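Peer 1: This is the content of input.cif (mmCIF, C-alpha atoms):
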data_upload
loop_
_atom_site.label_atom_id
_atom_site.label_comp_id
_atom_site.auth_asym_id
_atom_site.auth_seq_id
_atom_site.Cartn_x
_atom_site.Cartn_y
_atom_site.Cartn_z
CA MET A 1 0.00 0.00 0.00
CA LEU A 2 2.85 2.37 0.85
CA LEU A 3 4.44 1.74 -2.54
CA PHE A 4 1.37 3.09 -4.36
CA PHE A 5 0.17 5.58 -1.73
CA GLY A 6 3.60 7.13 -1.07
CA PRO A 7 3.92 8.86 -4.48
CA TRP A 8 0.46 10.37 -4.03
CA LEU A 9 1.53 11.81 -0.66
CA VAL A 10 4.68 13.27 -2.20
CA VAL A 11 2.79 14.93 -5.08
CA ARG A 12 0.06 16.33 -2.83
CA SER A 13 2.59 17.63 -0.33
CA LEU A 14 4.60 19.44 -2.99
CA ALA A 15 1.44 20.85 -4.57
CA PHE A 16 0.14 22.10 -1.23
CA ASN A 17 3.41 23.77 -0.27
CA ALA A 18 3.80 25.40 -3.69
CA TYR A 19 0.23 26.72 -3.74
CA ASN A 20 0.69 28.30 -0.31
CA THR A 21 3.95 30.02 -1.28
CA ALA A 22 3.85 33.37 -3.07
CA TYR A 23 6.06 36.30 -4.03
CA ARG A 24 4.48 39.66 -4.92
CA ASN A 25 1.04 38.03 -4.87
CA VAL A 26 2.06 35.49 -7.51
CA ARG A 27 1.76 31.92 -6.30
CA PHE A 28 4.13 29.09 -7.00
CA ALA A 29 2.70 25.98 -8.60
CA PHE A 30 3.54 22.30 -8.86
CA SER A 31 2.53 20.44 -12.02
CA GLY A 32 4.00 17.00 -11.28
CA THR A 33 1.59 14.10 -11.61
CA TYR A 34 0.98 10.99 -9.57
CA GLY A 35 1.60 8.77 -12.60
CA THR A 36 5.05 10.21 -13.23
CA CYS A 37 6.04 9.91 -9.59
CA LEU A 38 4.71 6.36 -9.37
CA GLY A 39 6.70 5.40 -12.47
CA LEU A 40 9.87 6.76 -10.87
CA VAL A 41 9.25 4.89 -7.64
CA LEU A 42 8.53 1.60 -9.39
CA GLY A 43 11.33 1.84 -11.96
CA TYR A 44 14.13 3.18 -9.81
CA GLY A 45 12.87 1.26 -6.79
CA LEU A 46 13.36 -1.95 -8.76
CA LEU A 47 16.82 -0.75 -9.81
CA THR A 48 17.67 -0.16 -6.15
CA LEU A 49 16.57 -3.69 -5.22
CA VAL A 50 18.40 -5.36 -8.11
CA THR A 51 21.64 -3.50 -7.34
CA LEU A 52 21.37 -4.20 -3.57
CA GLY A 53 21.03 -0.51 -2.77
CA LEU A 54 23.65 0.84 -5.17
CA GLY A 55 20.92 2.31 -7.36
CA PHE A 56 19.50 4.43 -4.54
CA PRO A 57 21.60 7.54 -5.40
CA PHE A 58 20.13 7.54 -8.91
CA PHE A 59 16.62 7.00 -7.51
CA ARG A 60 17.07 9.92 -5.14
CA ARG A 61 18.54 12.12 -7.88
CA ARG A 62 15.67 11.43 -10.25
CA LEU A 63 13.05 12.06 -7.58
CA VAL A 64 14.61 15.40 -6.61
CA GLN A 65 14.88 16.37 -10.27
CA PHE A 66 11.20 15.54 -10.76
CA ALA A 67 10.27 17.75 -7.79
CA ALA A 68 12.45 20.66 -8.94
CA VAL A 69 11.47 20.96 -12.61
CA SER A 70 7.78 20.42 -11.86
CA HIS A 71 7.65 23.69 -9.91
CA SER A 72 6.91 27.04 -11.48
CA TYR A 73 6.60 30.65 -10.41
CA GLY A 74 3.43 31.86 -12.04
CA THR A 75 3.83 30.45 -15.53
CA THR A 76 7.65 30.27 -15.56
CA ARG A 77 9.00 26.81 -14.89
CA PHE A 78 12.05 26.10 -12.78
CA ALA A 79 15.05 24.70 -14.65
CA LEU A 80 17.69 22.31 -13.35
CA ASP A 81 20.67 21.91 -15.66
CA GLU A 82 22.41 18.60 -16.23
CA GLY A 83 25.50 19.70 -14.32
CA PHE A 84 23.88 18.77 -11.01
CA LYS A 85 23.90 15.02 -11.68
CA LYS A 86 27.52 14.09 -10.90
CA PRO A 87 27.86 16.33 -7.80
CA PHE A 88 24.59 14.89 -6.51
CA VAL A 89 25.48 11.21 -6.92
CA ARG A 90 29.17 11.41 -5.98
CA PRO A 91 28.71 11.85 -2.18
CA TYR A 92 26.68 8.64 -1.94
CA PHE A 93 29.42 6.57 -3.53
CA VAL A 94 32.09 8.25 -1.41
CA VAL A 95 30.14 7.18 1.68
CA ILE A 96 29.60 3.66 0.28
CA GLY A 97 33.32 3.30 -0.45
CA ILE A 98 34.34 4.49 3.01
CA SER A 99 31.78 2.17 4.64
CA ILE A 100 33.11 -0.84 2.73
CA LEU A 101 36.69 0.07 3.66
CA LEU A 102 35.78 0.40 7.35
CA GLY A 103 33.92 -2.91 7.18
CA VAL A 104 37.02 -4.63 5.81
CA VAL A 105 39.21 -3.04 8.52
CA LEU A 106 36.77 -4.12 11.25
CA ALA A 107 36.62 -7.69 9.93
CA ALA A 108 40.42 -7.83 9.77
CA PHE A 109 40.64 -6.53 13.35
CA PHE A 110 38.34 -9.26 14.68
CA ALA A 111 40.20 -11.90 12.68
CA VAL A 112 43.55 -10.81 14.12
CA MET A 113 42.18 -10.64 17.67
CA ILE A 114 40.70 -14.14 17.40
CA VAL A 115 44.05 -15.48 16.20
CA VAL A 116 45.98 -13.68 18.95
CA ALA A 117 43.58 -14.12 21.87
CA GLY A 118 41.94 -17.29 20.70
CA ALA A 119 38.35 -17.95 19.73
CA PRO A 120 35.82 -17.92 22.61
CA LYS A 121 35.14 -21.40 23.91
CA PRO A 122 31.59 -22.74 24.24
CA GLY A 123 30.15 -21.89 27.65
CA ALA A 124 33.09 -19.63 28.58
CA GLY A 125 31.22 -16.42 27.86
CA VAL A 126 32.22 -13.52 25.68
CA PRO A 127 35.85 -12.36 26.13
CA ALA A 128 36.35 -8.90 27.63
CA TRP A 129 38.08 -7.62 24.52
CA MET A 130 35.14 -8.68 22.34
CA SER A 131 32.59 -6.93 24.58
CA ALA A 132 34.65 -3.74 24.53
CA ALA A 133 35.04 -4.00 20.76
CA MET A 134 31.28 -4.42 20.29
CA ILE A 135 30.51 -1.35 22.42
CA ALA A 136 33.13 0.66 20.53
CA GLY A 137 31.64 -0.58 17.27
CA VAL A 138 28.14 0.61 18.20
CA VAL A 139 29.46 4.05 19.22
CA ALA A 140 31.49 4.28 16.01
CA PHE A 141 28.44 3.25 13.95
CA TYR A 142 26.27 6.09 15.24
CA ALA A 143 29.13 8.59 14.99
CA LEU A 144 29.68 7.52 11.38
CA LEU A 145 25.94 7.84 10.74
CA PHE A 146 25.97 11.52 11.70
CA LEU A 147 29.05 12.08 9.53
CA GLN A 148 27.44 10.38 6.55
CA ILE A 149 24.10 12.17 6.84
CA GLY A 150 25.71 15.59 7.26
CA TYR A 151 28.14 15.05 4.38
CA ILE A 152 25.53 13.71 1.94
CA ARG A 153 22.98 16.36 2.85
CA ALA A 154 25.40 19.26 2.42
CA ARG A 155 26.74 18.04 -0.92
CA THR A 156 23.39 17.07 -2.47
CA VAL A 157 21.58 20.25 -1.42
CA ASN A 158 24.42 22.37 -2.82
CA ALA A 159 24.38 20.36 -6.05
CA VAL A 160 20.67 21.03 -6.60
CA TRP A 161 20.50 24.71 -5.64
CA ASN A 162 23.69 25.66 -7.47
CA HIS A 163 22.20 24.43 -10.74
CA LEU A 164 18.61 25.61 -10.21
CA SER A 165 17.10 28.70 -11.85
CA VAL A 166 13.75 30.34 -12.57
CA GLY A 167 13.41 33.21 -15.00
CA PRO A 168 16.16 35.78 -14.32
CA MET A 169 17.05 34.24 -10.97
CA ARG A 170 19.54 31.57 -10.04
CA PHE A 171 20.59 30.31 -6.63
CA GLU A 172 23.74 29.58 -4.69
CA SER A 173 24.03 27.23 -1.72
CA VAL A 174 27.20 26.89 0.37
CA LEU A 175 26.24 24.41 3.09
CA ARG A 176 29.25 22.92 4.88
CA ALA A 177 29.32 19.27 5.92
CA ARG A 178 30.99 19.91 9.28
CA ASP A 179 28.36 22.53 10.16
CA LEU A 180 25.51 20.16 9.34
CA ILE A 181 27.13 17.30 11.26
CA TRP A 182 27.35 19.44 14.40
CA LEU A 183 23.85 20.83 13.78
CA TYR A 184 22.27 17.38 13.48
CA PHE A 185 24.17 15.98 16.45
CA SER A 186 23.38 18.88 18.78
CA ASN A 187 19.73 18.87 17.65
CA PHE A 188 19.54 15.14 18.34
CA VAL A 189 20.98 15.54 21.82
CA ALA A 190 18.61 18.43 22.62
CA VAL A 191 15.55 16.50 21.40
CA VAL A 192 16.51 13.39 23.39
CA LEU A 193 17.26 15.31 26.61
CA THR A 194 13.94 17.21 26.39
CA VAL A 195 11.92 14.10 25.44
CA GLY A 196 10.97 15.66 22.12
CA LEU A 197 10.02 19.13 23.39
CA ALA A 198 12.98 20.71 21.58
CA THR A 199 11.82 19.42 18.17
CA PRO A 200 10.33 22.78 17.03
CA TRP A 201 13.51 24.57 18.15
CA ALA A 202 15.67 22.06 16.27
CA THR A 203 13.54 22.42 13.13
CA VAL A 204 13.73 26.23 13.14
CA ARG A 205 17.46 26.10 13.89
CA SER A 206 18.06 23.82 10.90
CA MET A 207 16.00 25.97 8.54
CA ARG A 208 17.70 29.16 9.75
CA TYR A 209 21.10 27.66 8.96
CA ARG A 210 20.01 26.57 5.47
CA VAL A 211 18.59 30.01 4.69
CA SER A 212 21.76 31.73 5.92
CA LYS A 213 23.79 29.69 3.41
CA THR A 214 21.46 30.20 0.43
CA THR A 215 21.60 33.21 -1.89
CA ALA A 216 19.28 34.28 -4.71
CA ILE A 217 21.12 36.00 -7.57
CA ALA A 218 19.04 37.97 -10.09
CA SER A 219 20.31 38.82 -13.56
CA GLY A 220 17.40 41.21 -14.12
CA PRO A 221 14.87 43.28 -12.16
CA LEU A 222 12.64 40.99 -10.09
CA ASP A 223 9.82 43.52 -9.83
CA SER A 224 9.20 43.57 -13.57
CA PHE A 225 9.51 39.76 -13.69
CA ALA A 226 6.91 39.39 -10.92
CA GLN A 227 4.59 41.90 -12.60
CA GLY A 228 4.87 40.05 -15.91
CA GLU A 229 4.04 36.75 -14.23
CA ALA A 230 1.06 38.33 -12.44
CA GLN A 231 -0.32 39.51 -15.80
CA LYS A 232 0.16 36.09 -17.39
CA VAL A 233 -1.57 34.34 -14.48
CA SER A 234 -4.48 36.79 -14.45
CA VAL A 235 -5.01 36.29 -18.18
CA ALA A 236 -4.70 32.50 -18.11
CA GLY A 237 -6.61 32.08 -14.85
CA GLU A 238 -5.53 29.97 -11.92
CA GLU A 239 -6.81 26.49 -11.28
CA VAL A 240 -7.39 25.74 -7.62
CA ALA A 241 -7.53 22.06 -6.68
CA ASP A 242 -8.23 20.34 -3.38
CA PHE A 243 -5.10 20.46 -1.29
CA PHE A 244 -4.24 18.57 1.84
CA ASP A 245 -1.96 19.94 4.53
CA ILE A 246 0.82 17.37 4.08
CA ASP A 247 4.51 18.16 4.26
CA ILE A 248 7.06 15.68 2.98
CA ALA A 249 10.50 17.14 2.45
CA LEU A 250 12.67 15.88 -0.41
#
Taking this structure as input, can you express it in the form of structure tokens?
Peer 2:
Amino acid sequence: MLLFFGPWLVVRSLAFNAYNTAYRNVRFAFSGTYGTCLGLVLGYGLLTLVTLGLGFPFFRRRLVQFAAVSHSYGTTRFALDEGFKKPFVRPYFVVIGISILLGVVLAAFFAVMIVVAGAPKPGAGVPAWMSAAMIAGVVAFYALLFLQIGYIRARTVNAVWNHLSVGPMRFESVLRARDLIWLYFSNFVAVVLTVGLATPWATVRSMRYRVSKTTAIASGPLDSFAQGEAQKVSVAGEEVADFFDIDIAL
């Protein structure tokens, strides 16, 4: 059910958010369809399964591309040039490569320790060194998780926004991985210590950081662009559909 219902939620969420966003009284719009999104989920989802997860970066890239180019300001569509593809996919494979390397190192460490200290005997319990290694492994896993999430998020968001444009405006994003890693970690600690009460604070803090690192660069006067779009919309009319207050971030 989630496989077929999920794309509908994504499309409705993006349409709702776009319709309720405006600049100079001109609304944004989202023209993506459920059929297109479902096709992406089925096709690239199958690719992800067949490749044992290696196809996920391409699935994610295609889904974000679908969301970006399906938006418009008035009647002017957003454009995402092809240059975003490699910078978007590269961070995933960097993380995959590092994870495989660490896995090999960890396996080699356990193999050496078993040879040196001897394999645990049946009924003798788990050796002290193995218990300590398991605890260290769990701590390292979660630490690595924050590093991976922060690195991937910073690189992929920059890749999209640095190649996105609408009319005379383009964008520039300079998120830094180390900033996001600290931001996510400190937000996580605050939310856990307050039993979830700090969630709104963490959300606003994250959005404030993203906005502070994003710049809109106009190659022409935005006032005349907005006025032109307002005239086009008023002439063509604006279709208002049923929207549901759903928010799913891509």
Peer 1: Can you tell me which residues surround Tyr209 of chain A at a distance of at most 10 Å, considering only C-alpha atoms, apart from same-chain residues fewer than 2 positions away, and format the answer as a list in words?
Peer 2: Leu175, Asp179, Leu180, Leu183, Val204, Arg205, Ser206, Met207, Val211, Ser212, Lys213 and Thr214 of chain A
Peer 1: Report, in Å to a single decimal, how far apart atom CA of Phe188 of chain A and atom CA of Gly97 of chain A are.
Peer 2: 26.1 Å
Peer 1: I need the output of the PyMOL selection byres ((chain A and resi 146-153) around 8) for this file as a PyMOL selection string; which residues are they?
Peer 2: chain A and resi 91-92+95+142-145+154-157+176-181+184-185
Peer 1: Counting only C-alpha atoms, which of A:Phe5, A:Ser173, A:Tyr73, A:Thr51 gets nearest to Ala22 of chain A?
Peer 2: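 Using only C-alpha atoms, Ala22 of chain A sits closest to A:Tyr73.
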Peer 1: Suppose a student applies the PyMOL selection byres ((chain A and resi 219-230) around 7) to this structure; what residues should they get, written as a list in words?
Peer 2: Arg24, Val26, Gly74, Thr75, Pro168, Met169, Ile217, Ala218, Gln231, Lys232, Val233 and Ser234 of chain A
Peer 1: Put those residues in a file: C-alpha atoms, as a compact mmCIF listing (two decimals), keeping the file's coordinate frame.
Peer 2:
# COMPACT_ATOMS: atom_id res chain seq x y z
CA ARG A 24 4.48 39.66 -4.92
CA VAL A 26 2.06 35.49 -7.51
CA GLY A 74 3.43 31.86 -12.04
CA THR A 75 3.83 30.45 -15.53
CA PRO A 168 16.16 35.78 -14.32
CA MET A 169 17.05 34.24 -10.97
CA ILE A 217 21.12 36.00 -7.57
CA ALA A 218 19.04 37.97 -10.09
CA GLN A 231 -0.32 39.51 -15.80
CA LYS A 232 0.16 36.09 -17.39
CA VAL A 233 -1.57 34.34 -14.48
CA SER A 234 -4.48 36.79 -14.45
Peer 1: Just how far from atom CA of Leu40 of chain A is atom CA of Phe4 of chain A, in Å to one decimal?
Peer 2: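 Calculated distance between atom CA of Phe4 of chain A and atom CA of Leu40 of chain A is 11.3 Å.
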Peer 1: Leaving out segment 131-135 of chain A and any residue of its chain fewer than 5 positions from it, which residues lie within 10 Å of it when counting all atoms listed in the file, given as a list in words?
Peer 2: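 Surrounding residues, per the criterion: Leu106, Phe109, Phe110, Val126, Ala140 and Phe141 of chain A.
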